[in-house]
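Okay, input.txt is below, compact mmCIF, C-alpha atoms and all ligand atoms:
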# COMPACT_ATOMS: atom_id res chain seq x y z
CA MET A 297 0.00 0.00 0.00
CA ASN A 298 1.13 3.53 -0.79
CA SER A 299 2.38 5.14 2.45
CA LEU A 300 0.51 8.37 1.70
CA ILE A 301 -2.81 6.54 1.53
CA GLU A 302 -1.94 4.66 4.70
CA GLN A 303 -1.26 7.96 6.50
CA LYS A 304 -4.58 9.40 5.34
CA ARG A 305 -6.46 6.46 6.81
CA LYS A 306 -4.75 6.82 10.16
CA ASN A 307 -6.51 8.60 13.01
CA ILE A 308 -4.20 10.79 15.08
CA LYS A 309 -5.18 12.40 18.40
CA VAL A 310 -3.16 14.36 20.94
CA ILE A 311 -3.66 13.59 24.64
CA ASP A 312 -2.23 15.35 27.68
CA LEU A 313 -0.50 12.95 30.04
CA PRO A 314 -1.79 13.61 33.59
CA ARG A 315 0.35 13.26 36.71
CA LYS A 316 0.06 9.61 37.75
CA ASP A 317 -0.80 10.56 41.35
CA LEU A 318 -3.72 12.65 40.08
CA ARG A 319 -5.12 10.20 37.52
CA PRO A 320 -3.85 6.60 37.53
CA TYR A 321 -5.55 5.75 34.21
CA VAL A 322 -5.89 7.52 30.88
CA THR A 323 -9.10 6.79 28.97
CA PHE A 324 -8.77 6.37 25.21
CA SER A 325 -11.84 6.38 23.02
CA CYS A 326 -12.01 4.77 19.58
CA SER A 327 -12.34 7.27 16.69
CA SER A 328 -14.80 5.00 14.89
CA CYS A 329 -17.08 3.37 17.46
CA GLY A 330 -16.39 5.32 20.67
CA LYS A 331 -15.49 2.24 22.76
CA THR A 332 -13.19 3.28 25.62
CA THR A 333 -9.99 1.62 26.87
CA ASN A 334 -8.19 2.49 30.12
CA VAL A 335 -4.37 2.41 30.19
CA ALA A 336 -2.31 2.95 33.36
CA THR A 337 -0.68 6.42 33.30
CA GLU A 338 2.56 4.85 34.57
CA THR A 339 2.74 2.55 31.51
CA LEU A 340 2.51 5.55 29.17
CA GLU A 341 5.35 7.53 30.73
CA ARG A 342 8.12 6.15 28.52
CA TYR A 343 6.21 6.52 25.23
CA HIS A 344 5.78 9.51 22.95
CA THR A 345 3.07 7.93 20.85
CA VAL A 346 0.90 4.86 21.29
CA LYS A 347 -1.35 3.03 18.86
CA ILE A 348 -4.55 1.57 20.25
CA LYS A 349 -6.39 -1.02 18.20
CA CYS A 350 -10.07 -1.30 19.02
CA PRO A 351 -11.92 -4.65 18.74
CA CYS A 352 -13.91 -2.96 15.89
CA GLY A 353 -10.68 -2.93 13.85
CA SER A 354 -10.06 0.83 13.92
CA VAL A 355 -6.55 1.96 14.91
CA THR A 356 -5.96 5.33 16.53
CA GLN A 357 -2.51 6.79 17.12
CA TYR A 358 -2.25 8.99 20.22
CA VAL A 359 0.52 11.58 20.55
CA ILE A 360 1.29 11.97 24.25
CA ASN A 361 1.73 15.58 25.25
CA ARG A 362 4.07 16.20 28.19
CA ARG A 363 4.44 19.78 29.25
CA SER A 364 7.53 18.98 31.30
CA ALA A 365 9.92 18.03 28.46
CA PHE A 366 12.95 20.35 28.45
CA ARG A 367 13.11 22.53 25.34
CA LYS A 368 16.45 23.68 23.96
CA LYS A 369 16.47 27.02 22.12
CA THR A 370 18.06 26.83 18.69
CA ASN A 371 17.82 28.27 15.16
CA LEU A 372 18.36 25.33 12.82
CA PRO A 373 17.12 25.71 9.23
CA VAL A 374 14.34 23.22 8.46
CA ASP A 375 12.65 22.02 5.27
CA ILE A 376 9.05 20.92 5.69
CA LEU A 377 7.29 18.44 3.45
CA VAL A 378 3.56 18.12 4.02
CA ILE A 379 2.43 14.49 4.13
CA THR A 380 -1.28 14.94 4.87
CA ALA A 381 -3.16 18.22 5.17
CA GLN A 382 -6.43 19.02 6.92
CA SER A 383 -7.18 21.82 4.43
CA SER A 384 -6.42 22.54 0.78
CA LYS A 385 -4.62 25.81 1.64
CA THR A 386 -1.74 23.98 3.33
CA PRO A 387 1.38 24.26 1.14
CA VAL A 388 3.12 21.11 -0.09
CA LYS A 389 6.51 22.40 1.03
CA ALA A 390 7.72 25.11 3.37
CA THR A 391 10.93 26.30 4.96
CA GLY A 392 11.68 27.83 8.33
CA TYR A 393 13.73 27.58 11.51
CA VAL A 394 13.54 25.21 14.44
CA ASP A 395 13.10 27.68 17.32
CA ASP A 396 13.19 25.12 20.11
CA ILE A 397 13.44 21.35 20.32
CA SER A 398 12.75 18.70 22.97
CA VAL A 399 12.72 14.90 22.84
CA THR A 400 8.97 15.01 22.14
CA GLY A 401 8.68 17.78 19.55
CA MET A 402 9.68 21.22 18.40
CA GLY A 403 8.60 24.76 17.63
CA ILE A 404 9.09 25.87 14.02
CA ILE A 405 9.03 29.50 12.87
CA THR A 406 7.89 29.71 9.25
CA PRO A 407 6.42 32.54 7.14
CA THR A 408 3.66 30.13 6.08
CA TYR A 409 2.72 29.17 9.68
CA ASN A 410 -0.84 30.38 9.14
CA SER A 411 -1.42 27.91 6.29
CA PHE A 412 -0.97 24.93 8.61
CA GLU A 413 -3.82 23.33 10.52
CA ILE A 414 -3.75 21.32 13.73
CA GLY A 415 -3.57 17.66 12.72
CA ASP A 416 -1.48 18.22 9.57
CA VAL A 417 1.22 15.55 9.26
CA ILE A 418 4.61 16.82 8.09
CA GLU A 419 8.10 15.52 7.55
CA ALA A 420 10.76 17.87 8.92
CA HIS A 421 14.28 17.70 7.43
CA PHE A 422 17.07 19.39 9.36
CA GLU A 423 20.67 18.94 10.49
CA LEU A 424 21.73 18.54 14.10
CA PRO A 425 25.14 20.02 14.95
CA LEU A 426 26.46 16.94 16.77
CA ASN A 427 30.06 15.65 16.32
CA ASN A 428 29.33 15.14 12.64
CA ARG A 429 26.47 17.12 11.17
CA GLU A 430 23.63 14.65 11.44
CA LYS A 431 20.85 14.81 8.83
CA VAL A 432 17.55 14.09 10.56
CA GLU A 433 14.11 13.40 9.09
CA LYS A 434 11.25 13.41 11.57
CA ARG A 435 7.60 12.75 10.94
CA CYS A 436 5.48 15.09 13.07
CA VAL A 437 1.90 16.22 13.67
CA VAL A 438 1.02 19.90 14.07
CA VAL A 439 -0.44 20.43 17.58
CA CYS A 440 -0.62 24.25 17.83
CA LYS A 441 0.08 27.49 16.02
CA ASP A 442 0.73 30.94 17.38
CA ASP A 443 0.02 34.20 15.52
CA LYS A 444 2.31 36.35 17.70
CA THR A 445 5.46 34.29 17.18
CA LYS A 446 4.55 32.98 13.66
CA ARG A 447 5.30 29.56 15.02
CA ILE A 448 3.82 26.09 14.78
CA GLY A 449 4.29 23.46 17.48
CA VAL A 450 4.78 19.86 16.31
CA LYS A 451 5.08 16.51 18.06
CA PHE A 452 7.18 13.61 16.76
CA ILE A 453 5.12 10.60 15.65
CA ASP A 454 7.71 8.45 13.87
CA SER A 455 8.88 6.50 16.91
CA GLU A 456 7.36 5.44 20.20
CA THR A 457 10.41 6.45 22.26
CA SER A 458 13.06 9.22 22.11
CA ASP A 459 15.37 9.66 19.13
CA PRO A 460 18.89 9.26 20.66
CA ARG A 461 20.32 11.95 18.33
CA ILE A 462 17.76 14.52 19.50
CA ALA A 463 18.22 13.44 23.14
CA ALA A 464 22.00 14.00 22.75
CA PHE A 465 21.50 17.42 21.14
CA VAL A 466 18.99 18.59 23.80
CA LYS A 467 21.53 17.63 26.51
CA SER A 468 24.51 19.26 24.73
ZN ZN A 501 -13.84 0.93 17.72

Please render this file's structure as structure tokens.
Ligand SMILES: [Zn+2]
Amino acid sequence: MNSLIEQKRKNIKVIDLPRKDLRPYVTFSCSSCGKTTNVATETLERYHTVKIKCPCGSVTQYVINRRSAFRKKTNLPVDILVITAQSSKTPVKATGYVDDISVTGMGIITPTYNSFEIGDVIEAHFELPLNNREKVEKRCVVVCKDDKTKRIGVKFIDSETSDPRIAAFVKS
């Protein structure tokens, strides 16, 4: 199957991870039939995204939003390729700067920030200044946009745990 078509069929939702002492379970609800599943908050702590398959056959990918992840300020040039768009006004390609980065996502300043919609899936191409310049491609979902800073916030969705290259850069 064409990966673009596969992406379009995928349901993506963003959830805020609560403190485990406040809410021991997170309730996920199926995008198709509404059936709910409880998962222990503790179990979710080491993941950035989880896929939940409902008995009805529908799969929903949840991007776990942690407010606590440390963000490193930066100004790395980034090329953006749009994989799936929520609206027809979203450009196919864009360029900008990575303003800040954490192990879970990043803030991107781009002149075309206003064309993006929450839920758009993008591929971000940039270089990390590690020992050797490391070319990185990350698949992300747009989770917010801000008019004042001309910035979009994105979360990584291409792996369930941290990218070691980004973890190393954030710590450097
Ligand atoms: Zn279902």

Test item: residues no farther than 8 Å from ligand ZN 501 (chain A), counting all atoms listed in the file, as a list in words: Ser325, Cys326, Ser327, Ser328, Cys329, Gly330, Lys331, Lys349, Cys350, Pro351, Cys352, Gly353, Ser354 and Val355 of chain A

Show me, as a tab-separated table, the residues of region 341-376 of chain A having an atom within 12 Å of region 432-437 of chain A, each with the closest atom pair and its distance in Å, using all atoms listed in the file.
residue	atom	partner	partner_atom	distance
A:His344	CA	A:Cys436	CA	11.4
A:Thr345	CA	A:Cys436	CA	10.8
A:Gln357	CA	A:Val437	CA	11.0
A:Tyr358	CA	A:Val437	CA	10.6
A:Val359	CA	A:Val437	CA	8.4
A:Ile360	CA	A:Val437	CA	11.4
A:Asn361	CA	A:Val437	CA	11.6
A:Leu372	CA	A:Val432	CA	11.5
A:Pro373	CA	A:Val432	CA	11.7
A:Val374	CA	A:Glu433	CA	9.8
A:Asp375	CA	A:Glu433	CA	9.5
A:Ile376	CA	A:Glu433	CA	9.7

If you take only C-alpha atoms and a cut-off of 6 Å, which residues of region 350-402 of chain A touch region 451-461 of chain A, and what are their nearest atom pairs and distances in Å to one decimal, in chain and number order, as JSON lines?
{"residue": "A:Val399", "atom": "CA", "partner": "A:Ser458", "partner_atom": "CA", "distance": 5.7}
{"residue": "A:Thr400", "atom": "CA", "partner": "A:Lys451", "partner_atom": "CA", "distance": 5.8}
{"residue": "A:Gly401", "atom": "CA", "partner": "A:Lys451", "partner_atom": "CA", "distance": 4.1}

Per residue of region 353-406 of chain A within 7 Å of region 410-415 of chain A, record the nearest atom pair and its distance in Å to one decimal, counting all atoms listed in the file, with rows in chain order and ascending residue number, as a Markdown table.
| residue | atom | partner | partner_atom | distance |
| --- | --- | --- | --- | --- |
| A:Gln382 | CA | A:Glu413 | CA | 6.2 |
| A:Lys385 | CA | A:Ser411 | CA | 6.0 |
| A:Thr386 | CA | A:Ser411 | CA | 4.9 |
| A:Pro387 | CA | A:Ser411 | CA | 6.9 |

Please produce a file of the residues just selected, as a JSON list (two decimals), keeping the file's coordinate frame, where the atoms kept are C-alpha atoms.
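Saved file result_18.json follows:
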[["chain", "number", "residue", "atom", "x", "y", "z"],
["A", 382, "GLN", "CA", -6.43, 19.02, 6.92],
["A", 385, "LYS", "CA", -4.62, 25.81, 1.64],
["A", 386, "THR", "CA", -1.74, 23.98, 3.33],
["A", 387, "PRO", "CA", 1.38, 24.26, 1.14]]

Using only C-alpha atoms for the distances, tell me which of A:Ala464, A:Ile448, A:Ile404, A:Leu318 is nearest to Leu424 (chain A).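 Closest residue, counting only C-alpha atoms: A:Ala464.
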
Counting all atoms listed in the file, which residues sit no farther than 12 Å from the position (14.6, 27.3, 8.8) in the file's frame? I'd like them as a PyMOL selection string. chain A and resi 370-376+390-396+403-408+420-423+447

Go ahead and fit an axis-aligned box to every listed atom of region 380-399 of chain A plus 8 Å each side, and pass me the centre and edge lengths in Å, one decimal, as JSON.
{"center_x": 3.3, "center_y": 21.4, "center_z": 11.4, "size_x": 36.9, "size_y": 28.9, "size_z": 39.1}

Name the closest residue to Lys444 (chain A) among the candidates A:Tyr409, A:Thr333, A:Asn307, A:Val346; distances are taken between atoms, counting all atoms listed in the file. A:Tyr409

Would you please take region 313-437 of chain A of the structure in the block above and write C-alpha atoms to a file as a PDB file, in the first residue's frame?
ATOM      1  CA  LEU A 313      -0.504  12.949  30.039  1.00  0.00           C
ATOM      2  CA  PRO A 314      -1.790  13.609  33.591  1.00  0.00           C
ATOM      3  CA  ARG A 315       0.346  13.256  36.713  1.00  0.00           C
ATOM      4  CA  LYS A 316       0.063   9.609  37.746  1.00  0.00           C
ATOM      5  CA  ASP A 317      -0.798  10.558  41.346  1.00  0.00           C
ATOM      6  CA  LEU A 318      -3.724  12.650  40.078  1.00  0.00           C
ATOM      7  CA  ARG A 319      -5.117  10.198  37.522  1.00  0.00           C
ATOM      8  CA  PRO A 320      -3.847   6.597  37.533  1.00  0.00           C
ATOM      9  CA  TYR A 321      -5.546   5.752  34.211  1.00  0.00           C
ATOM     10  CA  VAL A 322      -5.895   7.516  30.878  1.00  0.00           C
ATOM     11  CA  THR A 323      -9.099   6.785  28.971  1.00  0.00           C
ATOM     12  CA  PHE A 324      -8.766   6.367  25.212  1.00  0.00           C
ATOM     13  CA  SER A 325     -11.844   6.376  23.019  1.00  0.00           C
ATOM     14  CA  CYS A 326     -12.011   4.772  19.576  1.00  0.00           C
ATOM     15  CA  SER A 327     -12.336   7.267  16.690  1.00  0.00           C
ATOM     16  CA  SER A 328     -14.801   4.997  14.889  1.00  0.00           C
ATOM     17  CA  CYS A 329     -17.083   3.370  17.459  1.00  0.00           C
ATOM     18  CA  GLY A 330     -16.390   5.323  20.669  1.00  0.00           C
ATOM     19  CA  LYS A 331     -15.494   2.243  22.764  1.00  0.00           C
ATOM     20  CA  THR A 332     -13.193   3.276  25.619  1.00  0.00           C
ATOM     21  CA  THR A 333      -9.985   1.620  26.869  1.00  0.00           C
ATOM     22  CA  ASN A 334      -8.186   2.488  30.121  1.00  0.00           C
ATOM     23  CA  VAL A 335      -4.373   2.405  30.186  1.00  0.00           C
ATOM     24  CA  ALA A 336      -2.305   2.945  33.363  1.00  0.00           C
ATOM     25  CA  THR A 337      -0.677   6.418  33.297  1.00  0.00           C
ATOM     26  CA  GLU A 338       2.564   4.845  34.566  1.00  0.00           C
ATOM     27  CA  THR A 339       2.738   2.552  31.514  1.00  0.00           C
ATOM     28  CA  LEU A 340       2.510   5.548  29.166  1.00  0.00           C
ATOM     29  CA  GLU A 341       5.353   7.529  30.725  1.00  0.00           C
ATOM     30  CA  ARG A 342       8.124   6.151  28.520  1.00  0.00           C
ATOM     31  CA  TYR A 343       6.213   6.520  25.232  1.00  0.00           C
ATOM     32  CA  HIS A 344       5.781   9.508  22.947  1.00  0.00           C
ATOM     33  CA  THR A 345       3.072   7.933  20.854  1.00  0.00           C
ATOM     34  CA  VAL A 346       0.903   4.858  21.292  1.00  0.00           C
ATOM     35  CA  LYS A 347      -1.354   3.032  18.856  1.00  0.00           C
ATOM     36  CA  ILE A 348      -4.555   1.574  20.248  1.00  0.00           C
ATOM     37  CA  LYS A 349      -6.394  -1.020  18.199  1.00  0.00           C
ATOM     38  CA  CYS A 350     -10.073  -1.303  19.017  1.00  0.00           C
ATOM     39  CA  PRO A 351     -11.917  -4.645  18.745  1.00  0.00           C
ATOM     40  CA  CYS A 352     -13.909  -2.956  15.892  1.00  0.00           C
ATOM     41  CA  GLY A 353     -10.675  -2.931  13.850  1.00  0.00           C
ATOM     42  CA  SER A 354     -10.061   0.828  13.922  1.00  0.00           C
ATOM     43  CA  VAL A 355      -6.552   1.957  14.909  1.00  0.00           C
ATOM     44  CA  THR A 356      -5.965   5.333  16.534  1.00  0.00           C
ATOM     45  CA  GLN A 357      -2.510   6.788  17.121  1.00  0.00           C
ATOM     46  CA  TYR A 358      -2.251   8.988  20.217  1.00  0.00           C
ATOM     47  CA  VAL A 359       0.515  11.575  20.551  1.00  0.00           C
ATOM     48  CA  ILE A 360       1.285  11.974  24.249  1.00  0.00           C
ATOM     49  CA  ASN A 361       1.734  15.581  25.251  1.00  0.00           C
ATOM     50  CA  ARG A 362       4.069  16.204  28.195  1.00  0.00           C
ATOM     51  CA  ARG A 363       4.440  19.783  29.250  1.00  0.00           C
ATOM     52  CA  SER A 364       7.525  18.979  31.301  1.00  0.00           C
ATOM     53  CA  ALA A 365       9.923  18.029  28.461  1.00  0.00           C
ATOM     54  CA  PHE A 366      12.949  20.348  28.453  1.00  0.00           C
ATOM     55  CA  ARG A 367      13.114  22.534  25.344  1.00  0.00           C
ATOM     56  CA  LYS A 368      16.449  23.682  23.957  1.00  0.00           C
ATOM     57  CA  LYS A 369      16.469  27.025  22.123  1.00  0.00           C
ATOM     58  CA  THR A 370      18.056  26.831  18.687  1.00  0.00           C
ATOM     59  CA  ASN A 371      17.819  28.271  15.164  1.00  0.00           C
ATOM     60  CA  LEU A 372      18.361  25.328  12.824  1.00  0.00           C
ATOM     61  CA  PRO A 373      17.117  25.709   9.234  1.00  0.00           C
ATOM     62  CA  VAL A 374      14.340  23.218   8.458  1.00  0.00           C
ATOM     63  CA  ASP A 375      12.650  22.020   5.272  1.00  0.00           C
ATOM     64  CA  ILE A 376       9.054  20.922   5.689  1.00  0.00           C
ATOM     65  CA  LEU A 377       7.289  18.435   3.447  1.00  0.00           C
ATOM     66  CA  VAL A 378       3.563  18.125   4.019  1.00  0.00           C
ATOM     67  CA  ILE A 379       2.425  14.486   4.132  1.00  0.00           C
ATOM     68  CA  THR A 380      -1.282  14.942   4.871  1.00  0.00           C
ATOM     69  CA  ALA A 381      -3.157  18.217   5.171  1.00  0.00           C
ATOM     70  CA  GLN A 382      -6.434  19.020   6.916  1.00  0.00           C
ATOM     71  CA  SER A 383      -7.182  21.817   4.431  1.00  0.00           C
ATOM     72  CA  SER A 384      -6.420  22.543   0.777  1.00  0.00           C
ATOM     73  CA  LYS A 385      -4.624  25.813   1.643  1.00  0.00           C
ATOM     74  CA  THR A 386      -1.739  23.979   3.330  1.00  0.00           C
ATOM     75  CA  PRO A 387       1.378  24.261   1.141  1.00  0.00           C
ATOM     76  CA  VAL A 388       3.119  21.107  -0.088  1.00  0.00           C
ATOM     77  CA  LYS A 389       6.512  22.402   1.025  1.00  0.00           C
ATOM     78  CA  ALA A 390       7.721  25.115   3.374  1.00  0.00           C
ATOM     79  CA  THR A 391      10.932  26.298   4.957  1.00  0.00           C
ATOM     80  CA  GLY A 392      11.680  27.829   8.334  1.00  0.00           C
ATOM     81  CA  TYR A 393      13.730  27.576  11.507  1.00  0.00           C
ATOM     82  CA  VAL A 394      13.542  25.210  14.439  1.00  0.00           C
ATOM     83  CA  ASP A 395      13.098  27.677  17.317  1.00  0.00           C
ATOM     84  CA  ASP A 396      13.190  25.116  20.111  1.00  0.00           C
ATOM     85  CA  ILE A 397      13.440  21.352  20.324  1.00  0.00           C
ATOM     86  CA  SER A 398      12.751  18.700  22.974  1.00  0.00           C
ATOM     87  CA  VAL A 399      12.721  14.902  22.843  1.00  0.00           C
ATOM     88  CA  THR A 400       8.967  15.010  22.145  1.00  0.00           C
ATOM     89  CA  GLY A 401       8.676  17.775  19.554  1.00  0.00           C
ATOM     90  CA  MET A 402       9.678  21.224  18.400  1.00  0.00           C
ATOM     91  CA  GLY A 403       8.599  24.757  17.630  1.00  0.00           C
ATOM     92  CA  ILE A 404       9.085  25.873  14.023  1.00  0.00           C
ATOM     93  CA  ILE A 405       9.034  29.501  12.868  1.00  0.00           C
ATOM     94  CA  THR A 406       7.894  29.710   9.253  1.00  0.00           C
ATOM     95  CA  PRO A 407       6.419  32.544   7.138  1.00  0.00           C
ATOM     96  CA  THR A 408       3.660  30.132   6.079  1.00  0.00           C
ATOM     97  CA  TYR A 409       2.722  29.168   9.678  1.00  0.00           C
ATOM     98  CA  ASN A 410      -0.835  30.384   9.138  1.00  0.00           C
ATOM     99  CA  SER A 411      -1.420  27.906   6.294  1.00  0.00           C
ATOM    100  CA  PHE A 412      -0.972  24.930   8.614  1.00  0.00           C
ATOM    101  CA  GLU A 413      -3.824  23.331  10.524  1.00  0.00           C
ATOM    102  CA  ILE A 414      -3.752  21.324  13.734  1.00  0.00           C
ATOM    103  CA  GLY A 415      -3.569  17.663  12.716  1.00  0.00           C
ATOM    104  CA  ASP A 416      -1.478  18.216   9.567  1.00  0.00           C
ATOM    105  CA  VAL A 417       1.218  15.549   9.258  1.00  0.00           C
ATOM    106  CA  ILE A 418       4.609  16.819   8.094  1.00  0.00           C
ATOM    107  CA  GLU A 419       8.102  15.518   7.546  1.00  0.00           C
ATOM    108  CA  ALA A 420      10.765  17.869   8.917  1.00  0.00           C
ATOM    109  CA  HIS A 421      14.278  17.697   7.435  1.00  0.00           C
ATOM    110  CA  PHE A 422      17.073  19.395   9.365  1.00  0.00           C
ATOM    111  CA  GLU A 423      20.672  18.936  10.485  1.00  0.00           C
ATOM    112  CA  LEU A 424      21.728  18.544  14.100  1.00  0.00           C
ATOM    113  CA  PRO A 425      25.140  20.017  14.950  1.00  0.00           C
ATOM    114  CA  LEU A 426      26.463  16.940  16.775  1.00  0.00           C
ATOM    115  CA  ASN A 427      30.058  15.648  16.318  1.00  0.00           C
ATOM    116  CA  ASN A 428      29.329  15.144  12.642  1.00  0.00           C
ATOM    117  CA  ARG A 429      26.466  17.122  11.170  1.00  0.00           C
ATOM    118  CA  GLU A 430      23.629  14.655  11.439  1.00  0.00           C
ATOM    119  CA  LYS A 431      20.853  14.814   8.830  1.00  0.00           C
ATOM    120  CA  VAL A 432      17.553  14.088  10.560  1.00  0.00           C
ATOM    121  CA  GLU A 433      14.111  13.395   9.091  1.00  0.00           C
ATOM    122  CA  LYS A 434      11.249  13.408  11.573  1.00  0.00           C
ATOM    123  CA  ARG A 435       7.596  12.749  10.943  1.00  0.00           C
ATOM    124  CA  CYS A 436       5.475  15.089  13.071  1.00  0.00           C
ATOM    125  CA  VAL A 437       1.902  16.218  13.665  1.00  0.00           C
TER     126      VAL A 437
END
